[in-house]
Amino acid sequence: MKKILIIQPYRLGDVLQTTPVLQALKVKYGDVSIDFVVDSACAVAIRGNPYVSRLIVLPRKSIQDNGRKNAIAGFRELYAFLGEILQTRYDLAVNYNFDEPGGILLKECDAVEKRGVMFHRGKFEMNDPWTKYLFAIIKSRQYSFINITDIFKLMAGVGGIRSSLYLKTGPGEAAIRAKFLDFSETRPVVALQGFASRMERSFSPAENAELIRKLSSKYNVALLGAAGEEKYMPGLKDTGSFRNLTGKTTLEELSSVIGNCGLLITPDTFAMHAAAALGTPAAAVFKAGAWPFETAPYASGVKIIFSSDKCAPCNFPETCGNKRCGSEITPEFMFCIAENILEKKDQPTASGNLKILESKKEGLLSFDMEHLEKILSIIEANGLISGGKMPIIPVKRELRDTISAFLSGMRNLEADLKRN
């Protein structure tokens, strides 16, 4: 039996986007045991996954709290957590966390093969081409065209295997409707995730209010949000066609609410990936630093709305004096998108730099062909491809590094496919 360790402790969306890797590993190896390391705050995104043999939950908050009270008690709790991992011999270990804790864990674990980022003596180390590609693309994100889930699969050596997102929901439909979706009329339910973890990627409070007003004139609307986000839109009250669920659901309940809606409108958030996993139609808005060619939902048919402005994706949203990437995405435009999805009305015309795409899941690479052709034309124009080798030419170093890592990764993928 193959024993595999997956390290992906933080960020709910990232944890959920790793689930196709698990299914693909099961397809590839058959008799496989997968240990998954995740922080307690994100365990809901992976708990109940049928491909995980052992869920190793990092009690980070507990360790921190105990450590503040008693350093020895905190150390003992951390040692007990590490002991579960360090005493096991793995055939493969993959770290998808690019912070020091995950890098140290990968470096210290006992594994025949290690992929991802390791941290040793104050430095990050990478020994596989797709991890190098992921680091290289950070410097030139406008050239990125591989979905992050596909990169995760390629890092684990299962890039050529079809697989899907998986999310276990909480309470059933009857309980969710009775507790959260008890509207006065039977109409399609639209869930609106008003805010992302970064405000520049979100709708503004005024935009949310106007969108709620428009949507609730025709549909039932549930506003979703985490605890603490109530401060952005104080005074919102439930009506016959509106429910304010901000801070009122657990993560399990949130997933169930999304699964019982006819449409989700959202920025690039965990809710977006949850909708993709549950098969709920969605319209996803990508603003500022959010880039759909990297983090679009790993499922087919999700509407992607974003700006193709030359400065996108924005790496400096806090200091941007332009904000064009968000100004074109108006409440009226999103209302028309909702009508297009729910009633099959004509899709609104995207003006200016605005673009509307649909996500695609091809099982290997997920991207928009127009975008890929643009990238390949840039590569070709700079003479970056010549017999599979990288010629020495005067071109931006970050682009050269990115393409070099990509070509190296593709050669590695070709070898993997031949072996399989």
# chains A, B, ... in the order shown; residues from 1 in each chain; ligands from 1

call {"tool": "select_by_dssp", "arguments": {"residues": "range 82-181 of chain A", "states": "strand (DSSP E)", "output": "PyMOL selection string"}}
result
chain A and resi 89-95+110-120+123-126

call {"tool": "write_last_selection", "arguments": {"atoms": "N, CA and C atoms", "output": "PDB file, in the first residue's frame"}}
result
ATOM      1  N   ARG A  89       6.412   6.408   7.982  1.00  0.00           N
ATOM      2  CA  ARG A  89       7.233   6.357   6.762  1.00  0.00           C
ATOM      3  C   ARG A  89       6.309   6.503   5.557  1.00  0.00           C
ATOM      4  N   TYR A  90       6.529   7.532   4.744  1.00  0.00           N
ATOM      5  CA  TYR A  90       5.683   7.804   3.584  1.00  0.00           C
ATOM      6  C   TYR A  90       6.418   7.504   2.282  1.00  0.00           C
ATOM      7  N   ASP A  91       5.659   7.097   1.271  1.00  0.00           N
ATOM      8  CA  ASP A  91       6.233   6.944  -0.066  1.00  0.00           C
ATOM      9  C   ASP A  91       6.343   8.293  -0.771  1.00  0.00           C
ATOM     10  N   LEU A  92       5.382   9.185  -0.495  1.00  0.00           N
ATOM     11  CA  LEU A  92       5.349  10.500  -1.121  1.00  0.00           C
ATOM     12  C   LEU A  92       4.794  11.504  -0.123  1.00  0.00           C
ATOM     13  N   ALA A  93       5.431  12.669  -0.049  1.00  0.00           N
ATOM     14  CA  ALA A  93       4.926  13.780   0.764  1.00  0.00           C
ATOM     15  C   ALA A  93       4.906  15.030  -0.106  1.00  0.00           C
ATOM     16  N   VAL A  94       3.779  15.738  -0.080  1.00  0.00           N
ATOM     17  CA  VAL A  94       3.636  16.953  -0.890  1.00  0.00           C
ATOM     18  C   VAL A  94       3.177  18.092   0.016  1.00  0.00           C
ATOM     19  N   ASN A  95       3.914  19.200  -0.022  1.00  0.00           N
ATOM     20  CA  ASN A  95       3.559  20.370   0.771  1.00  0.00           C
ATOM     21  C   ASN A  95       3.038  21.475  -0.141  1.00  0.00           C
ATOM     22  N   ASP A 110       9.570  11.769   7.161  1.00  0.00           N
ATOM     23  CA  ASP A 110      10.282  10.624   6.573  1.00  0.00           C
ATOM     24  C   ASP A 110       9.522  10.181   5.324  1.00  0.00           C
ATOM     25  N   ALA A 111      10.030  10.563   4.148  1.00  0.00           N
ATOM     26  CA  ALA A 111       9.356  10.226   2.896  1.00  0.00           C
ATOM     27  C   ALA A 111      10.380   9.881   1.825  1.00  0.00           C
ATOM     28  N   VAL A 112      10.055   8.872   1.018  1.00  0.00           N
ATOM     29  CA  VAL A 112      10.936   8.467  -0.084  1.00  0.00           C
ATOM     30  C   VAL A 112      11.058   9.608  -1.101  1.00  0.00           C
ATOM     31  N   GLU A 113       9.935  10.237  -1.418  1.00  0.00           N
ATOM     32  CA  GLU A 113       9.917  11.341  -2.379  1.00  0.00           C
ATOM     33  C   GLU A 113       9.197  12.523  -1.761  1.00  0.00           C
ATOM     34  N   LYS A 114       9.784  13.713  -1.926  1.00  0.00           N
ATOM     35  CA  LYS A 114       9.187  14.930  -1.381  1.00  0.00           C
ATOM     36  C   LYS A 114       9.006  15.956  -2.496  1.00  0.00           C
ATOM     37  N   ARG A 115       7.807  16.542  -2.539  1.00  0.00           N
ATOM     38  CA  ARG A 115       7.507  17.575  -3.527  1.00  0.00           C
ATOM     39  C   ARG A 115       6.899  18.773  -2.819  1.00  0.00           C
ATOM     40  N   GLY A 116       7.098  19.946  -3.403  1.00  0.00           N
ATOM     41  CA  GLY A 116       6.620  21.162  -2.772  1.00  0.00           C
ATOM     42  C   GLY A 116       7.774  21.933  -2.167  1.00  0.00           C
ATOM     43  N   VAL A 117       7.453  22.830  -1.254  1.00  0.00           N
ATOM     44  CA  VAL A 117       8.450  23.713  -0.651  1.00  0.00           C
ATOM     45  C   VAL A 117       8.937  23.151   0.670  1.00  0.00           C
ATOM     46  N   MET A 118      10.258  23.085   0.801  1.00  0.00           N
ATOM     47  CA  MET A 118      10.880  22.714   2.072  1.00  0.00           C
ATOM     48  C   MET A 118      11.591  23.944   2.641  1.00  0.00           C
ATOM     49  N   PHE A 119      11.680  23.996   3.961  1.00  0.00           N
ATOM     50  CA  PHE A 119      12.365  25.112   4.621  1.00  0.00           C
ATOM     51  C   PHE A 119      13.473  24.527   5.482  1.00  0.00           C
ATOM     52  N   HIS A 120      14.700  24.970   5.221  1.00  0.00           N
ATOM     53  CA  HIS A 120      15.857  24.387   5.901  1.00  0.00           C
ATOM     54  C   HIS A 120      16.925  25.459   6.089  1.00  0.00           C
ATOM     55  N   LYS A 123      16.222  28.911   4.682  1.00  0.00           N
ATOM     56  CA  LYS A 123      16.004  29.080   3.247  1.00  0.00           C
ATOM     57  C   LYS A 123      14.938  28.106   2.743  1.00  0.00           C
ATOM     58  N   PHE A 124      14.206  28.553   1.721  1.00  0.00           N
ATOM     59  CA  PHE A 124      13.242  27.681   1.058  1.00  0.00           C
ATOM     60  C   PHE A 124      13.956  26.856  -0.010  1.00  0.00           C
ATOM     61  N   GLU A 125      13.567  25.584  -0.111  1.00  0.00           N
ATOM     62  CA  GLU A 125      14.149  24.681  -1.109  1.00  0.00           C
ATOM     63  C   GLU A 125      13.028  24.068  -1.941  1.00  0.00           C
ATOM     64  N   MET A 126      13.255  23.933  -3.245  1.00  0.00           N
ATOM     65  CA  MET A 126      12.279  23.325  -4.153  1.00  0.00           C
ATOM     66  C   MET A 126      13.008  22.346  -5.056  1.00  0.00           C
TER      67      MET A 126
END

call {"tool": "residues_around", "arguments": {"residues": "range 165-173 of chain A", "least_positions_apart": "4", "cutoff": "6 Å", "atoms": "only C-alpha atoms", "output": "list of chain:residue names"}}
result
A:Thr19, A:Pro20, A:Glu252, A:Glu253, A:Ser255, A:Ser256, A:Ala277

call {"tool": "closest_residue", "arguments": {"among": "A:Lys345, A:Arg162, A:Lys26, A:Arg243", "to": "Asp182 in chain A", "atoms": "only C-alpha atoms"}}
result
A:Arg243

call {"tool": "atom_distance", "arguments": {"atom1": "CA of Arg47 in chain A", "atom2": "CA of Ile7 in chain A"}}
result
14.4 Å

call {"tool": "closest_residue", "arguments": {"among": "A:Ser53, A:Thr269, A:Ser144, A:Ser241", "to": "Ser202 in chain A", "atoms": "only C-alpha atoms"}}
result
A:Thr269

call {"tool": "atom_distance", "arguments": {"atom1": "CA of Ala43 in chain A", "atom2": "CA of Leu82 in chain A"}}
result
17.1 Å

call {"tool": "atom_distance", "arguments": {"atom1": "CA of Tyr29 in chain A", "atom2": "CA of Asn49 in chain A"}}
result
17.3 Å

call {"tool": "select_by_dssp", "arguments": {"residues": "range 165-202 of chain A", "states": "alpha helix (DSSP H)", "output": "ChimeraX atom specification"}}
result
/A:173-179
